[in-house]
Each structure stands twice: as structure tokens, then as C-alpha cells.
>>> print(open('entry-v8.txt').read())   # compact mmCIF, C-alpha atoms
# COMPACT_ATOMS: atom_id res chain seq x y z
CA MET A 1 98.94 85.07 128.80
CA TYR A 2 96.00 87.24 127.78
CA LYS A 3 92.78 85.51 126.74
CA CYS A 4 91.39 87.01 123.56
CA ASN A 5 87.74 86.33 124.45
CA GLU A 6 88.21 88.26 127.71
CA ILE A 7 89.79 91.16 125.83
CA THR A 8 86.79 91.24 123.49
CA ASP A 9 84.25 91.14 126.35
CA LYS A 10 85.94 93.83 128.38
CA LEU A 11 86.41 96.14 125.40
CA ALA A 12 82.80 95.67 124.23
CA LYS A 13 81.39 96.50 127.69
CA ALA A 14 83.64 99.54 128.04
CA ILE A 15 82.64 100.89 124.61
CA ASP A 16 78.92 100.33 125.22
CA TYR A 17 79.18 102.13 128.57
CA ALA A 18 81.29 105.00 127.23
CA LEU A 19 78.96 105.69 124.30
CA LYS A 20 76.01 106.22 126.66
CA ARG A 21 77.42 109.02 128.78
CA VAL A 22 79.38 112.19 128.29
CA ASP A 23 82.73 112.35 130.07
CA GLU A 24 82.18 113.75 133.60
CA ARG A 25 85.03 116.24 133.42
CA THR A 26 83.57 117.66 130.21
CA VAL A 27 80.16 118.02 131.87
CA GLY A 28 81.93 119.91 134.67
CA LEU A 29 83.43 122.33 132.11
CA LEU A 30 80.00 122.74 130.47
CA GLU A 31 78.47 123.59 133.85
CA ARG A 32 81.19 126.18 134.44
CA ALA A 33 80.59 127.65 130.99
CA ARG A 34 76.86 127.87 131.74
CA ALA A 35 77.57 129.70 134.99
CA GLU A 36 79.90 132.20 133.28
CA GLU A 37 78.08 132.73 129.98
CA THR A 38 76.09 135.92 129.47
CA ASN A 39 74.94 135.48 125.84
CA ARG A 40 71.27 134.46 126.05
CA ARG A 41 71.33 132.31 122.91
CA ALA A 42 74.43 130.48 124.11
CA ILE A 43 72.66 129.92 127.45
CA TRP A 44 69.62 128.56 125.57
CA ALA A 45 71.89 125.98 123.93
CA LEU A 46 74.01 125.18 127.02
CA ASP A 47 70.87 124.47 129.06
CA GLN A 48 69.77 121.96 126.45
CA ILE A 49 73.20 120.34 126.29
CA LEU A 50 73.30 119.91 130.09
CA GLU A 51 69.73 118.58 130.19
CA ASN A 52 70.60 116.23 127.33
CA ASP A 53 73.67 114.87 129.10
CA ARG A 54 71.59 114.29 132.26
CA ILE A 55 68.88 112.45 130.30
CA ALA A 56 71.46 110.27 128.56
CA ALA A 57 73.20 109.25 131.80
CA GLU A 58 69.93 108.63 133.66
CA SER A 59 68.20 106.67 130.90
CA ASP A 60 71.31 104.86 129.62
CA CYS A 61 70.84 106.19 126.09
CA TYR A 62 73.19 107.81 123.62
CA PRO A 63 73.76 111.53 124.26
CA CYS A 64 74.52 111.98 120.55
CA GLN A 65 73.18 109.99 117.62
CA ASP A 66 76.62 110.11 116.02
CA THR A 67 78.26 107.33 118.01
CA GLY A 68 81.28 107.86 115.83
CA ILE A 69 84.10 105.96 114.26
CA ALA A 70 85.91 103.90 116.91
CA MET A 71 89.50 104.88 117.59
CA LEU A 72 91.69 102.55 119.64
CA PHE A 73 95.07 103.55 121.01
CA VAL A 74 96.69 100.30 122.07
CA THR A 75 99.59 100.18 124.54
CA LEU A 76 101.21 96.82 123.99
CA GLY A 77 103.98 95.37 126.16
CA SER A 78 106.58 93.62 123.99
CA GLU A 79 106.53 90.61 126.33
CA ALA A 80 102.73 90.22 126.30
CA THR A 81 101.42 86.92 124.90
CA PHE A 82 97.96 85.99 123.65
CA ASP A 83 95.98 82.81 123.15
CA GLY A 84 94.76 84.07 119.78
CA ASP A 85 94.72 87.02 117.40
CA LEU A 86 94.79 90.33 119.30
CA ALA A 87 93.74 92.41 116.29
CA ALA A 88 90.70 90.18 115.70
CA ALA A 89 89.81 90.29 119.42
CA LEU A 90 89.86 94.11 119.42
CA GLU A 91 87.83 94.29 116.22
CA GLU A 92 85.20 91.97 117.70
CA GLY A 93 85.12 94.13 120.85
CA VAL A 94 84.31 97.15 118.71
CA ARG A 95 81.65 95.21 116.78
CA ARG A 96 79.90 94.12 119.99
CA GLY A 97 80.36 97.45 121.73
CA TYR A 98 78.49 99.10 118.85
CA ALA A 99 75.74 96.43 118.67
CA GLU A 100 73.02 98.89 119.77
CA ALA A 101 74.72 102.02 118.45
CA ARG A 102 74.49 103.69 115.07
CA LYS A 103 76.45 102.02 112.29
CA SER A 104 78.30 104.95 110.79
CA ILE A 105 81.13 103.37 108.81
CA ALA A 106 81.03 103.17 105.01
CA ASP A 107 83.42 102.46 102.13
CA PRO A 108 84.84 105.86 101.11
CA LEU A 109 84.22 105.32 97.40
CA THR A 110 81.08 103.20 97.12
CA ARG A 111 79.60 104.61 100.38
CA VAL A 112 78.29 101.12 101.20
CA ASN A 113 77.88 100.77 104.97
CA THR A 114 79.89 98.01 106.69
CA ARG A 115 76.84 97.54 108.98
CA ASP A 116 78.79 96.75 112.15
CA ASN A 117 80.78 99.95 112.69
CA THR A 118 84.08 98.24 111.93
CA PRO A 119 86.84 98.69 111.03
CA ALA A 120 88.13 100.81 113.90
CA VAL A 121 91.08 103.16 113.50
CA VAL A 122 93.85 101.53 115.54
CA TYR A 123 97.23 102.85 116.67
CA HIS A 124 99.82 100.90 118.63
CA ASP A 125 102.53 101.89 121.06
CA VAL A 126 104.95 99.11 121.90
CA VAL A 127 106.36 99.43 125.43
CA LYS A 128 108.53 97.39 127.81
CA GLY A 129 106.97 94.61 129.87
CA ASP A 130 103.75 92.65 129.39
CA LYS A 131 101.16 95.40 129.82
CA LEU A 132 98.08 95.74 127.59
CA GLY A 133 95.94 98.87 127.65
CA VAL A 134 93.47 100.45 125.25
CA SER A 135 92.22 104.02 125.09
CA PHE A 136 88.93 104.23 123.21
CA LEU A 137 87.70 107.44 121.61
CA ALA A 138 84.39 107.73 119.71
CA LYS A 139 84.97 110.30 116.99
CA GLY A 140 81.92 111.89 115.41
CA ALA A 141 82.08 113.23 111.87
CA GLY A 142 80.68 116.70 112.54
CA SER A 143 83.75 117.73 114.50
CA GLU A 144 86.24 115.44 112.77
CA ASN A 145 85.44 116.97 109.38
CA MET A 146 86.50 120.39 110.62
CA GLY A 147 90.02 119.50 111.78
CA GLY A 148 93.09 120.46 109.83
CA VAL A 149 96.83 120.35 109.50
CA ARG A 150 99.17 123.20 108.63
CA MET A 151 102.80 122.72 107.63
CA LEU A 152 104.35 125.91 108.96
CA THR A 153 107.86 127.14 108.40
CA PRO A 154 109.91 127.15 111.63
CA SER A 155 110.16 130.97 111.49
CA LYS A 156 106.43 131.19 112.27
CA GLY A 157 107.19 129.90 115.78
CA ARG A 158 104.87 129.96 118.77
CA GLN A 159 102.61 132.72 117.43
CA GLY A 160 102.34 130.85 114.13
CA ILE A 161 101.08 127.79 116.00
CA ILE A 162 98.42 129.85 117.79
CA ASP A 163 97.37 131.51 114.52
CA ALA A 164 97.14 128.14 112.76
CA VAL A 165 94.80 126.73 115.40
CA VAL A 166 92.70 129.91 115.42
CA GLY A 167 92.49 129.66 111.62
CA VAL A 168 91.20 126.08 111.68
CA VAL A 169 88.66 126.76 114.44
CA GLY A 170 87.54 130.01 112.80
CA GLU A 171 86.92 128.28 109.50
CA ALA A 172 84.98 125.51 111.30
CA GLY A 173 82.62 128.08 112.81
CA ALA A 174 79.35 126.60 114.02
CA ASN A 175 79.81 123.25 112.29
CA PRO A 176 81.71 121.09 114.80
CA CYS A 177 79.10 121.59 117.59
CA PRO A 178 80.90 124.11 119.78
CA PRO A 179 81.77 124.36 122.61
CA VAL A 180 84.59 122.09 121.50
CA LEU A 181 87.74 120.61 122.91
CA LEU A 182 90.92 121.10 120.93
CA GLY A 183 93.63 118.50 120.48
CA VAL A 184 96.74 120.03 118.96
CA GLY A 185 99.77 118.09 117.73
CA VAL A 186 102.96 120.02 117.13
CA GLY A 187 106.06 118.52 115.54
CA GLY A 188 107.06 115.19 114.01
CA THR A 189 105.87 114.81 110.42
CA MET A 190 102.50 115.72 108.94
CA ASP A 191 100.94 112.37 109.91
CA LYS A 192 102.67 112.28 113.32
CA ALA A 193 101.27 115.70 114.20
CA CYS A 194 97.78 114.43 113.34
CA VAL A 195 98.13 111.41 115.60
CA LEU A 196 99.50 113.62 118.39
CA SER A 197 96.44 115.86 118.04
CA LYS A 198 94.26 112.80 118.72
CA ARG A 199 96.45 111.59 121.59
CA ALA A 200 96.19 115.04 123.17
CA LEU A 201 92.45 114.40 123.52
CA LEU A 202 93.13 111.27 125.59
CA ARG A 203 94.43 113.40 128.44
CA PRO A 204 91.79 113.99 131.16
CA CYS A 205 89.67 116.79 129.75
CA GLY A 206 90.83 120.21 130.89
CA GLN A 207 94.05 118.97 132.53
CA ALA A 208 97.03 121.15 131.63
CA HIS A 209 100.24 119.70 130.17
CA SER A 210 102.90 118.77 132.74
CA ASP A 211 105.46 121.01 130.99
CA PRO A 212 104.66 124.62 132.04
CA SER A 213 105.71 126.07 128.67
CA VAL A 214 103.34 123.74 126.81
CA ALA A 215 100.62 124.45 129.39
CA ALA A 216 101.10 128.17 128.74
CA LEU A 217 100.74 127.58 124.99
CA GLU A 218 97.50 125.67 125.66
CA ALA A 219 96.15 128.57 127.71
CA ASP A 220 97.12 131.10 125.03
CA ILE A 221 95.49 129.05 122.26
CA LEU A 222 92.31 128.72 124.34
CA SER A 223 92.08 132.48 124.93
CA ALA A 224 92.77 133.27 121.27
CA VAL A 225 90.12 130.79 120.10
CA ASN A 226 87.53 132.09 122.56
CA ALA A 227 88.21 135.64 121.39
CA LEU A 228 86.78 134.57 118.00
CA GLY A 229 83.27 134.94 119.43
CA ILE A 230 81.85 131.93 117.56
CA GLY A 231 80.41 130.69 120.82
CA VAL A 232 78.19 127.77 121.73
CA GLN A 233 76.69 126.33 118.52
CA GLY A 234 77.93 129.41 116.64
CA LEU A 235 75.47 131.60 118.54
CA GLY A 236 78.08 133.98 119.98
CA GLY A 237 79.50 134.41 123.48
CA ASN A 238 82.77 133.45 125.12
CA HIS A 239 82.73 129.68 124.92
CA THR A 240 83.87 128.42 121.54
CA ALA A 241 86.26 125.97 123.20
CA LEU A 242 86.24 124.49 126.71
CA ALA A 243 89.83 123.29 126.77
CA CYS A 244 92.92 122.87 124.64
CA ALA A 245 95.48 120.07 124.95
CA VAL A 246 98.79 120.23 123.10
CA GLU A 247 101.22 117.37 122.57
CA THR A 248 104.63 117.92 121.02
CA CYS A 249 107.32 115.82 119.43
CA PRO A 250 110.73 116.73 117.93
CA THR A 251 110.55 117.59 114.26
CA HIS A 252 112.84 118.18 111.26
CA ILE A 253 114.95 121.36 111.36
CA GLY A 254 113.03 122.54 108.33
CA SER A 255 109.50 121.72 109.58
CA LEU A 256 106.83 122.92 111.98
CA PRO A 257 103.77 120.70 111.52
CA VAL A 258 100.65 121.76 113.44
CA ALA A 259 97.59 119.51 113.45
CA VAL A 260 94.26 120.34 115.04
CA THR A 261 91.63 117.78 115.99
CA ILE A 262 88.32 119.29 116.97
CA GLN A 263 86.27 117.28 119.45
CA CYS A 264 82.63 118.23 120.01
CA HIS A 265 81.21 118.68 123.52
CA SER A 266 79.82 115.14 123.42
CA VAL A 267 83.07 113.57 124.66
CA ARG A 268 82.84 109.80 124.89
CA HIS A 269 85.94 107.80 125.72
CA ALA A 270 87.22 104.96 127.88
CA GLU A 271 90.51 103.76 129.34
CA ILE A 272 90.80 100.00 129.61
CA ILE A 273 93.64 98.18 131.35
CA PHE A 274 93.62 94.43 130.72
CA MET B 1 63.91 134.10 125.65
CA GLU B 2 60.35 134.29 124.45
CA ILE B 3 59.32 131.07 122.71
CA ILE B 4 57.13 131.14 119.59
CA ARG B 5 55.04 128.02 119.09
CA ILE B 6 54.97 126.97 115.43
CA ASP B 7 53.60 124.08 113.39
CA ASN B 8 53.51 123.01 109.71
CA ALA B 9 50.84 125.61 108.90
CA TYR B 10 52.76 128.55 110.44
CA ASP B 11 53.71 131.37 108.04
CA VAL B 12 57.52 131.05 108.16
CA THR B 13 58.00 134.49 106.60
CA ALA B 14 56.84 135.91 109.96
CA LEU B 15 59.90 134.42 111.68
CA LYS B 16 63.03 136.49 112.25
CA ALA B 17 66.61 135.30 112.64
CA GLY B 18 67.22 134.80 116.35
CA ASP B 19 63.64 133.87 117.25
CA ALA B 20 63.40 130.91 119.59
CA VAL B 21 60.67 128.52 118.50
CA GLU B 22 59.12 125.23 119.51
CA PHE B 23 58.00 123.23 116.52
CA SER B 24 55.17 120.70 116.75
CA GLY B 25 54.10 118.70 113.75
CA THR B 26 55.57 116.56 110.97
CA VAL B 27 59.19 116.54 109.83
CA TYR B 28 60.96 114.16 107.46
CA THR B 29 64.50 112.99 108.19
CA ALA B 30 66.92 113.11 105.29
CA ARG B 31 70.71 113.28 105.16
CA ASP B 32 72.99 113.71 102.14
CA ALA B 33 72.47 110.18 100.76
CA ALA B 34 68.66 110.67 100.74
CA HIS B 35 69.01 114.16 99.27
CA LYS B 36 71.08 112.74 96.43
CA ARG B 37 68.41 110.14 95.66
CA MET B 38 65.53 112.61 95.90
CA THR B 39 67.09 115.20 93.62
CA GLU B 40 68.05 112.48 91.13
CA ALA B 41 64.48 111.15 91.22
CA ALA B 42 63.08 114.65 90.66
CA ASP B 43 65.44 115.17 87.70
CA LYS B 44 64.17 111.96 86.12
CA GLY B 45 60.55 112.91 86.78
CA GLU B 46 60.12 110.02 89.21
CA PRO B 47 57.89 110.32 92.31
CA LEU B 48 59.46 111.49 95.56
CA PRO B 49 58.98 109.61 98.85
CA PHE B 50 56.89 112.46 100.28
CA GLU B 51 55.28 115.70 99.13
CA LEU B 52 57.99 118.36 99.25
CA GLU B 53 55.60 121.30 98.78
CA GLY B 54 55.61 123.12 102.13
CA ALA B 55 57.51 120.28 103.82
CA ALA B 56 59.90 120.38 106.76
CA ILE B 57 63.10 118.32 106.58
CA TYR B 58 65.17 117.44 109.63
CA TYR B 59 68.79 116.60 108.85
CA ALA B 60 69.17 113.61 111.14
CA GLY B 61 70.09 109.93 111.29
CA PRO B 62 69.04 108.35 114.60
CA THR B 63 70.59 105.51 116.56
CA PRO B 64 68.50 102.31 116.31
CA ALA B 65 65.38 102.23 118.49
CA ARG B 66 65.47 99.75 121.34
CA GLU B 67 62.50 97.49 122.02
CA ASN B 68 59.41 99.52 123.04
CA GLU B 69 61.05 102.76 121.93
CA ILE B 70 59.68 105.05 119.21
CA ILE B 71 63.14 106.05 118.02
CA GLY B 72 66.74 106.15 119.21
CA SER B 73 68.78 109.28 119.94
CA CYS B 74 68.16 111.76 117.17
CA GLY B 75 70.09 115.02 117.13
CA PRO B 76 70.78 117.21 114.09
CA THR B 77 73.64 116.55 111.68
CA THR B 78 75.81 119.17 109.92
CA SER B 79 73.58 121.01 107.44
CA ALA B 80 76.43 122.11 105.15
CA ARG B 81 76.64 118.57 103.77
CA MET B 82 73.19 119.10 102.24
CA ASP B 83 74.14 122.45 100.66
CA ASP B 84 74.82 121.00 97.20
CA TYR B 85 71.25 119.67 97.02
CA THR B 86 69.38 122.38 98.92
CA PRO B 87 68.68 124.97 96.17
CA ARG B 88 67.03 122.19 94.11
CA MET B 89 65.02 120.98 97.12
CA LEU B 90 63.78 124.50 97.79
CA GLU B 91 62.80 124.81 94.14
CA LEU B 92 60.75 121.62 94.63
CA GLY B 93 58.81 123.21 97.50
CA LEU B 94 60.82 122.53 100.67
CA ARG B 95 60.08 125.32 103.19
CA ILE B 96 61.58 124.40 106.56
CA MET B 97 65.05 122.97 107.11
CA ILE B 98 66.22 121.86 110.53
CA GLY B 99 69.88 121.07 111.19
CA LYS B 100 72.99 122.48 112.77
CA GLY B 101 75.82 124.73 111.65
CA LYS B 102 76.31 127.21 108.85
CA ARG B 103 75.01 127.29 105.25
CA GLY B 104 76.68 128.41 102.04
CA ASN B 105 75.82 131.56 100.12
CA ALA B 106 73.95 129.68 97.37
CA VAL B 107 71.67 128.20 100.03
CA ILE B 108 71.06 131.60 101.64
CA GLU B 109 70.13 133.06 98.24
CA ALA B 110 67.75 130.15 97.58
CA ILE B 111 66.19 130.58 101.04
CA LYS B 112 65.45 134.21 100.13
CA ALA B 113 64.15 133.37 96.67
CA HIS B 114 61.75 130.72 97.97
CA LYS B 115 60.85 132.42 101.27
CA ALA B 116 61.97 129.42 103.29
CA VAL B 117 63.56 129.21 106.72
CA TYR B 118 66.55 127.45 108.26
CA LEU B 119 66.15 126.44 111.89
CA ILE B 120 68.84 124.98 114.12
CA ALA B 121 68.52 122.39 116.83
CA VAL B 122 71.29 122.00 119.38
CA GLY B 123 74.00 119.71 118.02
CA GLY B 124 74.60 116.88 120.45
CA ALA B 125 71.19 117.19 122.17
CA ALA B 126 70.07 113.86 120.72
CA ALA B 127 68.68 112.33 123.91
CA LEU B 128 66.66 115.48 124.68
CA ILE B 129 65.29 115.63 121.13
CA LYS B 130 64.45 111.92 121.25
CA SER B 131 62.13 112.70 124.17
CA ARG B 132 60.21 115.19 121.96
CA ILE B 133 59.51 112.66 119.17
CA THR B 134 56.09 111.05 119.51
CA ALA B 135 55.91 108.97 116.31
CA CYS B 136 58.33 107.60 113.73
CA GLU B 137 57.74 105.72 110.50
CA GLU B 138 60.39 104.71 107.97
CA ILE B 139 58.99 105.66 104.56
CA ALA B 140 61.82 105.35 102.01
CA TYR B 141 65.32 104.09 101.24
CA PRO B 142 65.49 101.42 104.00
CA ASP B 143 68.81 100.22 102.54
CA LEU B 144 70.36 103.46 103.79
CA GLY B 145 69.98 102.30 107.41
CA CYS B 146 70.11 105.29 109.74
CA GLU B 147 70.06 107.51 106.63
CA ALA B 148 66.64 106.24 105.48
CA VAL B 149 63.81 108.77 105.17
CA ARG B 150 61.55 108.75 108.24
CA ARG B 151 58.35 110.65 108.97
CA LEU B 152 58.52 111.99 112.51
CA THR B 153 55.88 113.60 114.63
CA VAL B 154 57.51 116.00 117.05
CA ASP B 155 56.13 117.82 120.06
CA ARG B 156 57.72 121.14 121.05
CA LEU B 157 61.08 120.61 119.36
CA PRO B 158 63.31 123.44 120.66
CA LEU B 159 64.86 125.39 117.76
CA LEU B 160 66.31 128.77 116.85
CA VAL B 161 65.73 130.62 113.59
CA ALA B 162 69.28 130.70 112.17
CA ILE B 163 68.46 132.08 108.70
CA ASP B 164 65.11 133.74 108.07
CA SER B 165 63.19 134.13 104.82
CA ARG B 166 64.95 137.45 104.13
CA GLY B 167 68.34 135.74 104.31
CA CYS B 168 69.34 137.24 107.68
CA SER B 169 71.56 134.93 109.73
CA ILE B 170 72.52 134.83 113.40
CA LEU B 171 75.44 132.43 113.04
CA LYS B 172 78.76 134.01 113.92
CA ALA B 173 80.82 132.27 111.28
>>> encode(input="entry-v8.txt", output="C-alpha cells")
Amino acid sequence: MYKCNEITDKLAKAIDYALKRVDERTVGLLERARAEETNRRAIWALDQILENDRIAAESDCYPCQDTGIAMLFVTLGSEATFDGDLAAALEEGVRRGYAEARKSIADPLTRVNTRDNTPAVVYHDVVKGDKLGVSFLAKGAGSENMGGVRMLTPSKGRQGIIDAVVGVVGEAGANPCPPVLLGVGVGGTMDKACVLSKRALLRPCGQAHSDPSVAALEADILSAVNALGIGVQGLGGNHTALACAVETCPTHIGSLPVAVTIQCHSVRHAEIIF
Amino acid sequence: MEIIRIDNAYDVTALKAGDAVEFSGTVYTARDAAHKRMTEAADKGEPLPFELEGAAIYYAGPTPARENEIIGSCGPTTSARMDDYTPRMLELGLRIMIGKGKRGNAVIEAIKAHKAVYLIAVGGAAALIKSRITACEEIAYPDLGCEAVRRLTVDRLPLLVAIDSRGCSILKA
């Protein structure tokens, strides 16, 4: 049986830690971009980003002031049991994990701040067994605001998917803090594609899909996006995006949903197994 | 890149899009919620929290300061969210805007009309920028939390001129 107070403690610690450093794999991609980049303005910005990420890790402070809306992807074994309310335990973990962070959550209509960064956005996957795992993603508004979903007709096919992603990223321009990571969800329904685009970002940053045909699509999207020339912070150059991850799911014979989540370079996430 | 040192007294019309600058002096933080209140106050003829004539505004909402810290992490937020209020703010005397990302055409026209300048900081460089802030005082709208108006003293804040006073822009999209 899982103890709810232990779930809260572990989640809170993991969130606090994750918010204070940029994902190592992303830093590796930023370093590679810096080594390859030739645009002097892009280099000016990349040097600051890398220095910033070093300062944050060394001084245990937030690399970005937008500590985001908390997203939790819960993997829940159908035989798992709890000594209390799991939903409340997770919520409290988010509250405590954000104790020192910025409180960025407000009512959408009144704009009154909830003052503790809750509620989180929570998705559940029910699986066999008694496992409990949580993937945490801090989603900042600058990049989140620039995502999009396109309901294509099936005739648009693979090229249509690439064009849709390029369209969303092109429209976003300098706003989502490029260089970005792209999460792309293809298939399902409109909402399912959106969730897939978020789940795609949970994959280790820069790791290609295990299916070679999906991996090839990821590579083609990345090249097409980088050909836009938006570049780091919209200053030009070859690094608009550092990586692209695609997740797919069967869809209706009449549909081809494509959702794009843009993630800024300040990637902060955690994987917690309870 | 050659770095131009500027302060509050610098003639911003001398800056060209693409110039790299380091700004030292006073900036006021304000995000969309504070812009809404300030423009509403100006429309009603009420006093503003600070003198806008010649002022520099930094679009930012920091993380809370820890004990013995001047301020928390404090990078720029997306400037486009301020676009609806910006022409009015420029009319009221605002001269320097610091943020990240692109601006709309109405803002670019107002920048030209009022000979102002739009500078960009690096989005996501909040810990680096925090280290360049030497003083911070909350001066208005404390109920807005991180969105309150703060007077910051900054030392060598690294910026690029994104849109100059002639309306020329370096942003690619």
C-alpha cells in the first residue's frame, strides 16, 4: 500500500529540484548548437543561455522566472492501493514543490491568482499491476501560448504533417524563446493529438522514436523547421529547434489531427517512480 | 560584437537595430496586468506609480526573492502581450521597452512616432539577469504578486536593439 504523505514528500522534492536546473540532455544540445552556429547574434544569445544554465545549477536557483504550470502524467497500476486520497497527495506535492517558485496560476476569467501554483494539469494512464509513476513537466506560458493544432484531411499525408508543424513554428517566430523542442502528436482526436504532443516531450530530449519511419518524420520536421531561419531568440541562424519528438496514435478514417507543443530551451522535468 | 554602454540618459535615437548594448540604470517591471491598470489610471486622470516620461520598462515578473537576496530569477516575458497597451504607454512618455519576442505593427508605428526603442533580453536567461540586478523595490500593485511594479537598478544588463527608433527590426519573424 502506498502512503500518501510519502507520495507528497517525494513529488515535492522532485519538483523543487527539477525547477532549479535545465535538463542535462537539453544543455548538451545547446552546447552542440553553440559549437555549430555561425550567426553572431545567435551566438550572443546562446552564450548567455549556457552561462545562465550554469549559474542556475551552481547556485540552486531557477534558470527561468516562469516556473510554469505543473503537468503531471500519472501511470497508475490498477492493483495499487493507497492509505488516503491520491489526487490530494499529488496536489499537495505540487503545492510544496512550488513553495519557493513563482505562483503563475490564475482563474481564466477573473485572473485572480490561486497563490500556490495549483491546480496542476493531470493525466492518468491506468496499467496492469501495482506500479505508480509520475512524469512532471513545468510548462511555461511563453512557449505554451504558441502551440497549435491542425485538423488535416487524410489526403494531406506526411508532407501535410510537416507543413502544419512548420506553419505553427513559423507563426510563433521569436516568441516561444527559441531554440525550442517540438512535441508533435499525430492521430487520435483533436484532444488526443494535443496530449500526445505533450507526451512526446517526456521522451529523453533528442532521442529518436523507436519506429524508424516515425524517427525519419521527426528528422524531416526538424530540418524543415530549421530551414525557416528564425534562429535562437528570433535572431537568425540555423537553430530554431533543437529536437523534434513525434508520437502517433490510430485515428478516424476521415481525420488527420496534428498537434504541436512548443517547449522552450529551459526544459525542466522529472520522472518519479514511487 | 561591439558592446555599447547605455544608461537612462542615453539618446536612444542613436541606437540601430542589431546593436548590442549593456544597460545600467533604472528600469520598472510591468507585465500585462500592470499595463492594464496604468493605462486605465491614465485614462481617468489618476496618478501613475512612476513617471513615464523617458522611462524604461522591463517586461518581467520575478520568482520570489529568498532570504538575503535582492530579487529572484528575473528574465524577460513575451512582449507581444503588452502590445495592446504599448501605443498608449509610448504616448505617455515611455521610451525604452525591454522584453523578448516580436511586436505588432501598431507598436512599431508608435515606436517610430515617439522615437522610442525596443530592446530584447535573452528569454530564459533569468538567473544570469538576476546577477545583474543590484536593487529592487516594489512600488505599486502588491496584490498582483510577481506582476507588481518594481523599480530595479541594473548593472550592465545585456540586451540587443530589436526595433530602433526608425522602426527597423532585426527579428526574423
>>> closest_residue(input="entry-v8.txt", among="A:Asp83, A:Arg111, A:Cys264, A:Ala174", to="Asn5 in chain A", atoms="only C-alpha atoms")
A:Asp83
>>> residues_near_point(input="entry-v8.txt", point="(78.4, 102.2, 112.0)", cutoff="6 Å", atoms="all atoms listed in the file", output="PyMOL selection string")
chain A and resi 102-105+115-117
>>> write_last_selection(input="entry-v8.txt", atoms="C-alpha atoms", output="compact mmCIF listing (two decimals), in the frame of the given file")
# COMPACT_ATOMS: atom_id res chain seq x y z
CA ARG A 102 74.49 103.69 115.07
CA LYS A 103 76.45 102.02 112.29
CA SER A 104 78.30 104.95 110.79
CA ILE A 105 81.13 103.37 108.81
CA ARG A 115 76.84 97.54 108.98
CA ASP A 116 78.79 96.75 112.15
CA ASN A 117 80.78 99.95 112.69
>>> atom_distance(input="entry-v8.txt", atom1="CA of Lys130 in chain B", atom2="CA of Val154 in chain B")
9.1 Å
>>> interface_residues(input="entry-v8.txt", of="chain B", to="chain A", cutoff="10 Å", atoms="all atoms listed in the file", output="PyMOL selection string")
chain B and resi 1+18-20+33+60-66+72-81+100-103+120-131+143-147+158-160+162+170-173
>>> atom_distance(input="entry-v8.txt", atom1="CA of Leu29 in chain A", atom2="CA of Asp220 in chain A")
17.7 Å
>>> residues_around(input="entry-v8.txt", residues="range 125-138 of chain A", least_positions_apart="5", cutoff="6 Å", atoms="all atoms listed in the file", output="list in words")
Gly68, Ile69, Ala70, Met71, Leu72, Phe73, Val74, Thr75, Leu76, Gly77, Ser78, Glu79, Ala80, Arg268, His269, Ala270, Glu271, Ile272, Ile273 and Phe274 of chain A
>>> closest_residue(input="entry-v8.txt", among="A:Thr8, A:Asn238, A:Thr261, A:Thr153", to="Asn39 in chain A", atoms="all atoms listed in the file")
A:Asn238
>>> closest_residue(input="entry-v8.txt", among="A:Asp23, A:Thr189, A:Lys198, A:Ile162", to="Ile253 in chain A", atoms="all atoms listed in the file")
A:Thr189
>>> residues_around(input="entry-v8.txt", residues="range 208-210 of chain A", least_positions_apart="3", cutoff="10 Å", atoms="all atoms listed in the file", output="mmCIF file with C-alpha atoms, in the frame of the given file")
data_model
loop_
_atom_site.group_PDB
_atom_site.id
_atom_site.type_symbol
_atom_site.label_atom_id
_atom_site.label_comp_id
_atom_site.auth_asym_id
_atom_site.auth_seq_id
_atom_site.Cartn_x
_atom_site.Cartn_y
_atom_site.Cartn_z
ATOM 1 C CA ALA A 200 96.190 115.040 123.170
ATOM 2 C CA ARG A 203 94.430 113.400 128.440
ATOM 3 C CA PRO A 204 91.790 113.990 131.160
ATOM 4 C CA CYS A 205 89.670 116.790 129.750
ATOM 5 C CA SER A 213 105.710 126.070 128.670
ATOM 6 C CA VAL A 214 103.340 123.740 126.810
ATOM 7 C CA ALA A 215 100.620 124.450 129.390
ATOM 8 C CA ALA A 216 101.100 128.170 128.740
ATOM 9 C CA LEU A 217 100.740 127.580 124.990
ATOM 10 C CA GLU A 218 97.500 125.670 125.660
ATOM 11 C CA ALA A 219 96.150 128.570 127.710
ATOM 12 C CA ALA A 243 89.830 123.290 126.770
ATOM 13 C CA CYS A 244 92.920 122.870 124.640
ATOM 14 C CA ALA A 245 95.480 120.070 124.950
ATOM 15 C CA VAL A 246 98.790 120.230 123.100
ATOM 16 C CA GLU A 247 101.220 117.370 122.570
#
>>> atom_distance(input="entry-v8.txt", atom1="CA of Phe82 in chain A", atom2="CA of Asp9 in chain A")
14.9 Å
>>> residues_near_point(input="entry-v8.txt", point="(61.4, 109.3, 115.2)", cutoff="6 Å", atoms="all atoms listed in the file", output="MDAnalysis selection string")
chainID B and resid 71 133 135:136 152
>>> closest_residue(input="entry-v8.txt", among="A:Asp85, A:Ser197, A:Val258, A:Thr251", to="Lys156 in chain A", atoms="only C-alpha atoms")
A:Val258
>>> axis_aligned_box(input="entry-v8.txt", around="range 99-103 of chain B", padding_each_side="6 Å", output="JSON")
{"center_x": 73.1, "center_y": 124.2, "center_z": 109.0, "size_x": 18.4, "size_y": 18.2, "size_z": 19.5}
>>> closest_residue(input="entry-v8.txt", among="A:Ala12, A:Leu242, A:Cys249, A:Ala18", to="Arg95 in chain A", atoms="all atoms listed in the file")
A:Ala12
